[in-house]
Amino acid sequence: MSVNLTVDQKKIQAQAGQTILQAARENYIDIPTLCFHKDLSPTGNCRICMVEVAGQRLLQAACVTPITEGMQVETRSPRVVQSRKLNLELMLANHPQDCLTCDVSGECELQDLAYDYKVNVPAWGAKGTRYLPDSDPNPFIRVDMNRCILCRRCVLACAEIQGRDVWGVAQRGFEEQIVAGAGTTLLEARCESCGQCVAYCPTGALSNKLNYGLARAHQVRKVMTTCAYCGVGCQFDLLVKGNRVIGVSSNPGAPVNGMALCVKGRYGYDYIHHPDRVLTPQVRRYLLEGRQKSRTGSEWDWVKVDWQVALQLTAGKLASTRSSFGADSIGVLTSAKCTNEENYLMNKFARQVIGTNNIDHCARL
Amino acid sequence: MTNRRIIYKPIPDAIRELVHKHGGDRSDVLEILRDLDRQQKLNPESVTDTARALGLPAAELFGVATFYSMLSLAPRKNVIRVCDGPVCSETKAAALRQALEAQAGGAWSIERSSCLGLCDRAPAVLVGEQPAGPVQVETVPQLLQGWRGDLPDYSQARQGEVRVMLANAGKLEPDSIDSALANGAYAGLSKALASTPEAVLGLVEASGLQGRGGAGFSVGRKWRFVAQAKGDQKYILCNADESEPLIFKDRLLIDIDPHQVLEGMAIGGYACGASEGYIYIRGEYAAQARRLERAIAQAEQKGWLGSNIQGTPFTFNIHVHLGAGAYICGEETALIESLEGKRGEPRLRPPFPPSRGLHGCPTAVNNLESFAVVRHILNKGTDWWKALSSYAVPGTKLYMVLGKVRRPGLFEAPFGLTLRQIIEEFGGGMADGSSFHFALTGGAAGTLVDQSLLDVPIDYGSSARGISIGAGGFLVCDQTVAPVSLLRELMHFFAVESCGKCTPCRVGTWRAREILGHMLAGDGRPGDVAELRALSDNLLLASFCGLGQSVSVPLNSALAHFADEFQSYEHG
């Protein structure tokens, strides 16, 4: 069922049950938000998306107010803009003036809104550091609660997306703060370092430790890729500076996983430029030169070869082992890093090409 | 900080037993946390273990444990809570606190507390769970030796009072149901049970009874919403969280006749089709909570509560739920959250409690005073109720007149009194040497008015004329009290009690207090008054819940009546 309403003098149609925010955004009318994220339950905490609804004495939070037939909404009336500015000012008052050195500068939603609404840190605000910067020893997630605006997106991301419930809201009023567990470290609070909270944090309160200080948003190229770790097929953006991968960020358009990633996908990228990484096939010298197995001297050395040579050698060894000792002398072990299709092919290869049931997979461990 | 090795230990038996003792349900977490606090074992580790035993995330339980002001995760001794509400502040509570800290020694922990609901005994303290007052600096030694002060006597009606809810004051033994039954208890419920729920609803609607929490919403209409809502399980909640400074009527109503309240709830349960009722009572009223529990047990014994009341098919159970120090839990959805064992933060509305309240079921939340009235309407009918006064709003209301009047205290009277009547006729006039300067009406979230509004009849609609009735508290201030000073006390209260959910209230109240503090210290700056106005407007327009919105009421009214005075604090 569709509902007719007017937003900023524009007549629009939207689905019954939608909020003002959903209806407006579908019709290309921008209403700013901070605590709202489309993947998370709306809470109406931050009061940035306040709009004016005809007939209502008070402003309404667009993210949680359902639309009604004939509703008249003003998203940029003077009252709305004044309230938004003041709410931003109240947030900025408790936010350090460290945009100059903040990693998230350039992709910070608070900074963008301050820019859009021309709001500065008020003279009475940012009087010092309330919390220890970089307060958590988690190896991947950098925590600086001074930058927190208490939107609670991290709490919801951890609870609703990852199901770990690591983050919580403690204290109340002006003393309110986001804590891990009963005020402990992330890892002690059962954190599995997936970094979902980082991905959903609108400011620099939660950021990535591995690439902290390496580059800002405008200094990197984003290259979408599929995760190489397992068969799920998560996609994300590699952050490339120069010709080096310096980090990973969620790509909201990823079809399988959306914003979600696991610790390996999000933080396990250091192998890409690792000096130990094997980039070409290698075989032992004795194999390449067709001699008896020998672990001595240069016979045992790795020699770089092309795929043709490596595969031929492997196929030849498998065939000769099978003919000398029988098919059951060969076993096939596949990997969780393969896709389902690849694992299926290895199963066919073991049973139908080699002729053995000796096939297993590392994930059963 | 480095990562410690994480060792998973089994949950200690003591915690398992404690959780088991309380039923192992999440709605019992406040009881469990209070027990841990009492044993001085409330700390992050025990909170984590308790969370594991309850199957809750540690972060969530920690959030609950740190939300309520009466719980402390830091070790402490026997606690004396010194009230810093506006009435006690005006009666030198700060000096009292200093004296206590100096004399109490190591045996006691002295803490501040928001208004304790003992405004008629100001300056007041809570020693453990025992209220005491008025406590002067000179009487601190006696206090530490067990003296608790004298209880004000409300058995005699003041000149002009119309007593309905207070009719039994001093006449019955509150802990004896026989005494209550001899004074008319449960006759109203008896009448209700002899008629249909629909007839009871009709009667309460026809009486025009307005909710006594301050908003004045029709009790009958609210009950009808609940009665009509779909659902097998429905709840009646009694809001006895009265944590607003100046308000202590619920405490006295319980102390005078707890059955009056229970009866009203049972009648509400019958009308709405609810079989369960909860009384959410503020943590500072532990003595009253026990009185209610005793009364419930006696009523169950006599067949006036519990299963098949008086042989009818109607079943109604009442449970008492003690809070742990949070003004915000007086907001009905925050109250429900707290009752479910969560942080007392308000919920999104809609849905409203009559359609989805406690545990998602239709729920009627009414003020304790509203329930106390119901018995009498059932007993004597709507004509009698309406004839109690000639004023447009029917019935009587409890008023608390405080501050610089000759006879501060509580009284019951019809609606439509003017502030002048409240001061002159009921308060005995201004105290010696005092002349009227201004008054705070309604409660802490009420209007601050000057003499221009002395003659406006006050009811639930009079806030449109600038003077609100709120929950019925009236603080009368004389020439020695500056509006800026009182407003700072109020903002201190709101800043301390803000739940922190939304930005306008969390930071706005804090900032307003800071500005007023600067003004009082002689550091006011040009633009301070304009900023207060802007903060106030934003609190009203953009706060998440009614409590945040209502902070603007004293701010705006004070700025309107005393614009020049506020301006005079701006220097430079």
# chains A, B, ... in the order shown; residues from 1 in each chain; ligands from 1
call {"tool": "residues_around", "arguments": {"residues": "region 215-229 of chain A", "least_positions_apart": "3", "cutoff": "6 Å", "atoms": "only C-alpha atoms", "output": "list of chain:residue names"}}
result
A:Asp103, A:Gly106, A:Gly233, A:Cys234, A:Gln235, A:Phe236, A:Asp237, A:Leu238, A:Leu239, A:Val240, A:Lys241, A:Lys337
call {"tool": "interface_residues", "arguments": {"of": "chain A", "to": "chain B", "cutoff": "8 Å", "atoms": "only C-alpha atoms", "output": "PDB file with C-alpha atoms, in the first residue's frame"}}
result
ATOM      1  CA  THR A  43      17.430   3.874  17.999  1.00  0.00           C
ATOM      2  CA  GLY A  44      16.742   7.590  17.594  1.00  0.00           C
ATOM      3  CA  ASN A  45      19.575   8.530  19.968  1.00  0.00           C
ATOM      4  CA  CYS A  46      21.597  11.216  18.272  1.00  0.00           C
ATOM      5  CA  ARG A  47      18.757  13.586  17.278  1.00  0.00           C
ATOM      6  CA  MET A  50      15.123  15.701  13.436  1.00  0.00           C
ATOM      7  CA  ARG A  57       4.533  20.600  18.361  1.00  0.00           C
ATOM      8  CA  LEU A  58       7.979  19.032  18.672  1.00  0.00           C
ATOM      9  CA  LEU A  59      10.497  17.943  16.083  1.00  0.00           C
ATOM     10  CA  GLN A  60      10.413  14.270  15.107  1.00  0.00           C
ATOM     11  CA  VAL A  64      12.059   6.213  13.679  1.00  0.00           C
ATOM     12  CA  SER A  83      18.417  22.194  16.386  1.00  0.00           C
ATOM     13  CA  LEU A  86      23.132  22.809  18.350  1.00  0.00           C
ATOM     14  CA  ASN A  87      23.126  19.018  18.630  1.00  0.00           C
ATOM     15  CA  LEU A  90      26.953  19.503  21.838  1.00  0.00           C
ATOM     16  CA  MET A  91      28.671  16.482  20.287  1.00  0.00           C
ATOM     17  CA  SER A 135      43.115   2.523  25.371  1.00  0.00           C
ATOM     18  CA  ASP A 136      42.741  -1.097  24.316  1.00  0.00           C
ATOM     19  CA  PRO A 137      45.486  -3.648  23.677  1.00  0.00           C
ATOM     20  CA  ASN A 138      43.549  -5.434  20.930  1.00  0.00           C
ATOM     21  CA  ASP A 165      27.775  -8.584  22.504  1.00  0.00           C
ATOM     22  CA  VAL A 166      31.214  -7.297  23.388  1.00  0.00           C
ATOM     23  CA  TRP A 167      30.338  -3.602  23.533  1.00  0.00           C
ATOM     24  CA  GLY A 168      27.882  -2.119  25.965  1.00  0.00           C
ATOM     25  CA  VAL A 169      26.718   1.224  27.323  1.00  0.00           C
ATOM     26  CA  ALA A 170      27.834   1.994  30.865  1.00  0.00           C
ATOM     27  CA  GLN A 171      27.174   4.808  33.334  1.00  0.00           C
ATOM     28  CA  ARG A 172      24.548   7.393  32.508  1.00  0.00           C
ATOM     29  CA  GLY A 173      24.088  11.004  31.553  1.00  0.00           C
ATOM     30  CA  PHE A 174      27.197  12.978  30.809  1.00  0.00           C
ATOM     31  CA  GLU A 175      29.318  10.137  32.234  1.00  0.00           C
ATOM     32  CA  GLU A 176      27.881   7.639  29.792  1.00  0.00           C
ATOM     33  CA  VAL A 179      32.731  -0.154  27.363  1.00  0.00           C
ATOM     34  CA  ALA A 180      33.809  -3.647  26.454  1.00  0.00           C
ATOM     35  CA  GLY A 181      32.401  -6.296  28.764  1.00  0.00           C
ATOM     36  CA  ALA A 182      32.354  -5.235  32.396  1.00  0.00           C
ATOM     37  CA  GLY A 183      34.766  -2.397  31.697  1.00  0.00           C
ATOM     38  CA  THR A 185      39.675  -5.146  27.415  1.00  0.00           C
ATOM     39  CA  LEU A 187      39.709  -9.636  24.088  1.00  0.00           C
ATOM     40  CA  GLU A 188      38.687 -10.332  27.673  1.00  0.00           C
ATOM     41  CA  ALA A 189      35.157  -9.365  26.679  1.00  0.00           C
TER      42      ALA A 189
END
call {"tool": "select_by_dssp", "arguments": {"residues": "region 254-337 of chain A", "states": "alpha helix (DSSP H)", "output": "ChimeraX atom specification"}}
result
/A:263-267,285-288,307-325
call {"tool": "residues_around", "arguments": {"residues": "Trp302 (chain A)", "least_positions_apart": "3", "cutoff": "6 Å", "atoms": "only C-alpha atoms", "output": "ChimeraX atom specification"}}
result
/A:282-284
call {"tool": "closest_residue", "arguments": {"among": "A:Met71, A:Val278, A:Leu40, A:Cys194", "to": "Asp8 (chain A)", "atoms": "only C-alpha atoms"}}
result
A:Met71
